[in-house]
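K.L.:
I'd like to ask you about the structure that follows.
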Amino acid sequence: MTTSLLSHLQQLQKQVPTPPVVAAGKLVRGIGLTLEAVGCQLPVGSQCMVQTVDGEIEAEVVGFGEHITYLMPTEAVRGIVPGSRVLPLNRESGLAVGLGLLGRVIDGNGQPLDGLGPVESTTRVPTVKPPINPLTRRPIDSPMDVGVRAINALNTVGIGQRMGLFAGSGVGKSVLLGMMTRGAKADVVVVGLVGERGREVKEFIHDILTPEERERAVVVAAPADTSPLMRLKGCETAVTVAEYFRDQGMNVLLLIDSLTRYAMAQREIALAVGEPPATKGYPPSVFARLPALVERAGNGSENQGSITAFYTVLTEGDDLQDPIADAARAILDGHIVLSRQLADSGHYPAIDIEASISRVMPQVVSEEHLMQARRVRQVYSTYQQNKDLITLGAYTRGTDPRVDLAINAEPAINALLQQGMKQVLPYDESLASMAQLAGGLGKG
């Protein structure tokens, strides 16, 4: 071999990076939710096992410093002592998906919670995918039947749309999600119960879903008592499962309860690794992850299906200007606001049609439908604006024809907007009811 050829080969070898050898590390400190380890150079997102006096616990790399790796346990921290060994976890990467997920309840890692044995999977997919090219998405041009008359008629949702359900605690967000689960015309329903009460998981599965509905549903559960890392994974796993079925050409209904708990979980992790807080205690990474999660839903390409998504957003103190509510409203394709005042008066679902809007409704409904919905909104709004005068008896009939019409139509409009929690009202029936009501209201 000539000297020039040998030197050329040696130069090429220098250019090829040598893969790092990952050795076991050890814990040096544990503060709050995070563990600090030295001696293990693992990329962010890697899984590892921490050996403790009580056994082993799983953790994930969430950050690093100059010589320190920050770990976040996926379960309760117990039996950890200084010097505990940290071992890389060698297992298949990605989430196991397939038709075997239908009818199952899994956690944020894709492991079964229903006691029915391992999930039958045909393939594994990464939980984080590159963003979809917006020019390859199909436009939203068809209405989606969700089985709720107030939404079908006045806030029509398009197939592939992403909507938010905004409300304070105890106003009926979870009940409305259950109504849409029963009534939606979708091939697959994926439900992410993230950061909510643990009892709601079993109630949702056994009380809200019938055996027939469970066969087309996948439930991902990460209750409030799980670690923030598991709550974060719960949302991302639900979206990944929905993406898989969309890629198979199916129309998927994705329900996430709640987007606020996802943001809170990211806040806990970010603050624990030292990220400075910004808006009302939320670090900047929270507002970067929200659009990344939401944009994964929607229509696919011409050969794929769609993901129609509903995300519940908890408004603290019923304040719609809450940082997470404000950020979510800006990145979603519309919002449905639930009113505590309506809920307290026994009006269910407690949808405030004045504050709610579907941004794609003009693209998916006829001009006649749009005009009828607008007329009902106008009359309803007129009554609400004069409600105090009417209630106090300060308004005299005959003073304003618009108010007189609103007073006469108020019982019929309320009847249109109310619905039993186990009642399913199809899209065509909803439109017929609204058309009959709008016909008696005249033209605005």
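A note on labels: chains of the structure tokens are A, B, ... as shown, every chain counts residues from 1, and ligands are counted from 1 in their shown order.
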Could you give me, as a ChimeraX atom specification, each residue of region 102-195 of chain A that DSSP assigns to strand (DSSP E) when run on this structure's backbone?

P.N.:
/A:105-106,123-125,143-144,157-158,162-167,188-194

K.L.:
Show which residues sit within 9 Å of region 270-275 of chain A, as a PDB file with N, CA, C and O atoms, in the first residue's frame. Count only C-alpha atoms, and ignore same-chain residues fewer than 5 positions away.

P.N.:
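Ended up saving to result-v8.pdb:
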```pdb
ATOM      1  N   ILE A  31     -32.567  16.333  44.273  1.00  0.00           N
ATOM      2  CA  ILE A  31     -33.238  17.520  44.793  1.00  0.00           C
ATOM      3  C   ILE A  31     -34.621  17.603  44.167  1.00  0.00           C
ATOM      4  O   ILE A  31     -34.744  17.664  42.935  1.00  0.00           O
ATOM      5  N   GLY A  32     -35.635  17.622  45.015  1.00  0.00           N
ATOM      6  CA  GLY A  32     -37.000  17.738  44.503  1.00  0.00           C
ATOM      7  C   GLY A  32     -37.355  16.578  43.589  1.00  0.00           C
ATOM      8  O   GLY A  32     -37.283  15.408  43.974  1.00  0.00           O
ATOM      9  N   LEU A  33     -37.701  16.905  42.342  1.00  0.00           N
ATOM     10  CA  LEU A  33     -38.135  15.883  41.391  1.00  0.00           C
ATOM     11  C   LEU A  33     -36.999  15.311  40.567  1.00  0.00           C
ATOM     12  O   LEU A  33     -37.208  14.351  39.830  1.00  0.00           O
ATOM     13  N   THR A  34     -35.802  15.887  40.649  1.00  0.00           N
ATOM     14  CA  THR A  34     -34.711  15.475  39.766  1.00  0.00           C
ATOM     15  C   THR A  34     -33.602  14.764  40.520  1.00  0.00           C
ATOM     16  O   THR A  34     -33.400  14.958  41.727  1.00  0.00           O
ATOM     17  N   VAL A  62     -33.476  14.248  31.234  1.00  0.00           N
ATOM     18  CA  VAL A  62     -34.228  15.444  30.859  1.00  0.00           C
ATOM     19  C   VAL A  62     -33.324  16.662  30.673  1.00  0.00           C
ATOM     20  O   VAL A  62     -33.808  17.732  30.281  1.00  0.00           O
ATOM     21  N   GLY A  63     -32.035  16.525  30.925  1.00  0.00           N
ATOM     22  CA  GLY A  63     -31.122  17.647  30.738  1.00  0.00           C
ATOM     23  C   GLY A  63     -29.718  17.257  31.161  1.00  0.00           C
ATOM     24  O   GLY A  63     -29.470  16.149  31.653  1.00  0.00           O
ATOM     25  N   PHE A  64     -28.767  18.157  30.959  1.00  0.00           N
ATOM     26  CA  PHE A  64     -27.389  17.875  31.349  1.00  0.00           C
ATOM     27  C   PHE A  64     -26.651  19.189  31.574  1.00  0.00           C
ATOM     28  O   PHE A  64     -27.037  20.259  31.086  1.00  0.00           O
ATOM     29  N   TYR A  70     -29.033  15.182  34.294  1.00  0.00           N
ATOM     30  CA  TYR A  70     -30.244  15.322  35.099  1.00  0.00           C
ATOM     31  C   TYR A  70     -31.257  14.249  34.696  1.00  0.00           C
ATOM     32  O   TYR A  70     -31.579  14.089  33.518  1.00  0.00           O
ATOM     33  N   LEU A  71     -31.748  13.528  35.699  1.00  0.00           N
ATOM     34  CA  LEU A  71     -32.705  12.440  35.477  1.00  0.00           C
ATOM     35  C   LEU A  71     -34.030  12.777  36.140  1.00  0.00           C
ATOM     36  O   LEU A  71     -34.066  13.418  37.199  1.00  0.00           O
ATOM     37  N   ALA A 265     -47.234  19.850  33.739  1.00  0.00           N
ATOM     38  CA  ALA A 265     -46.199  18.821  33.856  1.00  0.00           C
ATOM     39  C   ALA A 265     -44.886  19.309  33.269  1.00  0.00           C
ATOM     40  O   ALA A 265     -43.805  19.121  33.855  1.00  0.00           O
ATOM     41  N   GLY A 281     -44.998  32.127  36.091  1.00  0.00           N
ATOM     42  CA  GLY A 281     -44.356  30.910  36.553  1.00  0.00           C
ATOM     43  C   GLY A 281     -44.158  29.855  35.497  1.00  0.00           C
ATOM     44  O   GLY A 281     -43.570  28.805  35.782  1.00  0.00           O
ATOM     45  N   TYR A 282     -44.623  30.072  34.265  1.00  0.00           N
ATOM     46  CA  TYR A 282     -44.440  29.098  33.198  1.00  0.00           C
ATOM     47  C   TYR A 282     -43.159  29.416  32.432  1.00  0.00           C
ATOM     48  O   TYR A 282     -43.003  30.514  31.900  1.00  0.00           O
ATOM     49  N   PRO A 283     -42.221  28.461  32.331  1.00  0.00           N
ATOM     50  CA  PRO A 283     -40.991  28.685  31.564  1.00  0.00           C
ATOM     51  C   PRO A 283     -41.280  28.754  30.064  1.00  0.00           C
ATOM     52  O   PRO A 283     -42.323  28.293  29.591  1.00  0.00           O
ATOM     53  N   PRO A 284     -40.381  29.321  29.281  1.00  0.00           N
ATOM     54  CA  PRO A 284     -40.605  29.436  27.824  1.00  0.00           C
ATOM     55  C   PRO A 284     -40.815  28.100  27.123  1.00  0.00           C
ATOM     56  O   PRO A 284     -41.520  28.037  26.115  1.00  0.00           O
ATOM     57  N   SER A 285     -40.224  27.011  27.633  1.00  0.00           N
ATOM     58  CA  SER A 285     -40.362  25.713  26.964  1.00  0.00           C
ATOM     59  C   SER A 285     -41.807  25.240  26.927  1.00  0.00           C
ATOM     60  O   SER A 285     -42.195  24.481  26.035  1.00  0.00           O
ATOM     61  N   VAL A 286     -42.615  25.674  27.896  1.00  0.00           N
ATOM     62  CA  VAL A 286     -44.030  25.283  27.905  1.00  0.00           C
ATOM     63  C   VAL A 286     -44.732  25.800  26.655  1.00  0.00           C
ATOM     64  O   VAL A 286     -45.463  25.076  25.977  1.00  0.00           O
TER      65      VAL A 286
END
```

K.L.:
Quote the spacing between CA of Arg29 (chain A) and CA of Met49 (chain A) in Å to one decimal place.

P.N.:
15.8 Å

K.L.:
From a DSSP calculation on the backbone, collect every residue of region 98-346 of chain A in helix (DSSP H, G or I) and output the set as a ChimeraX atom specification.

P.N.:
/A:99-101,134-136,149-154,173-183,198-208,211-214,228-247,259-272,284-294,316-318,323-331,340-344

K.L.:
Might you pull out every residue within 8 Å of region 159-176 of chain A, with only C-alpha atoms counted and same-chain residues fewer than 3 positions away left off, and present them as a VMD selection string?

P.N.:
chain A and resid 140 to 144 179 to 180 257 294 297 to 299 306 to 318 320 325 328 to 329 332 to 340 343 349 to 350 358 360 421

K.L.:
Neighbouring residues of Glu58 (chain A) were defined as those with any atom within 7 Å, considering only C-alpha atoms; residues of the same chain fewer than 6 positions away were excluded. Please report them as a ChimeraX atom specification.

P.N.:
/A:48-50,73-74

K.L.:
Find the residues near Arg182 (chain A): any atom within 7 Å, counting only C-alpha atoms, skip ones fewer than 3 places away on the same chain, and give them as a PyMOL selection string.

P.N.:
chain A and resi 178-179+209+213

K.L.:
Excluding region 247-253 of chain A and residues on its chain fewer than 2 positions from it, collect all residues at most 8 Å away from it, counting only C-alpha atoms, and give them as a list of chain:residue names.

P.N.:
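Residues near the query, excluding close chain neighbours: A:Ala184, A:Ala186, A:Asp187, A:Val188, A:Val189, A:Val190, A:Ala242, A:Glu243, A:Tyr244, A:Phe245, A:Leu255, A:Gly300, A:Asn303, A:Gln304, A:Gly305, A:Ser306, A:Ile307, A:Thr308, A:Ala309, A:Phe310.
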
K.L.:
Set the distance at 8 Å and use only C-alpha atoms: which residues neighbour Thr69 (chain A) once local chain neighbours fewer than 2 positions away are removed? I'd like the list as number ranges by chain.

P.N.:
A: 36-38, 40-42, 61, 63-65, 67, 71

K.L.:
For Thr226 (chain A), which of A:Ile68, A:Ile353, A:Met264, A:Ala76 is the closest residue, counting only C-alpha atoms?

P.N.:
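Of the candidates, the smallest distance to Thr226 (chain A) is held by A:Ala76.
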
K.L.:
May I ask for the distance between CA of Ala222 (chain A) and CA of Asp145 (chain A), given in Å to one decimal place?

P.N.:
28.1 Å

K.L.:
Hey, can you check how far CA of Asp107 (chain A) sits from CA of Gly192 (chain A)?

P.N.:
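Straight-line distance from CA of Asp107 (chain A) to CA of Gly192 (chain A) works out to 9.5 Å.
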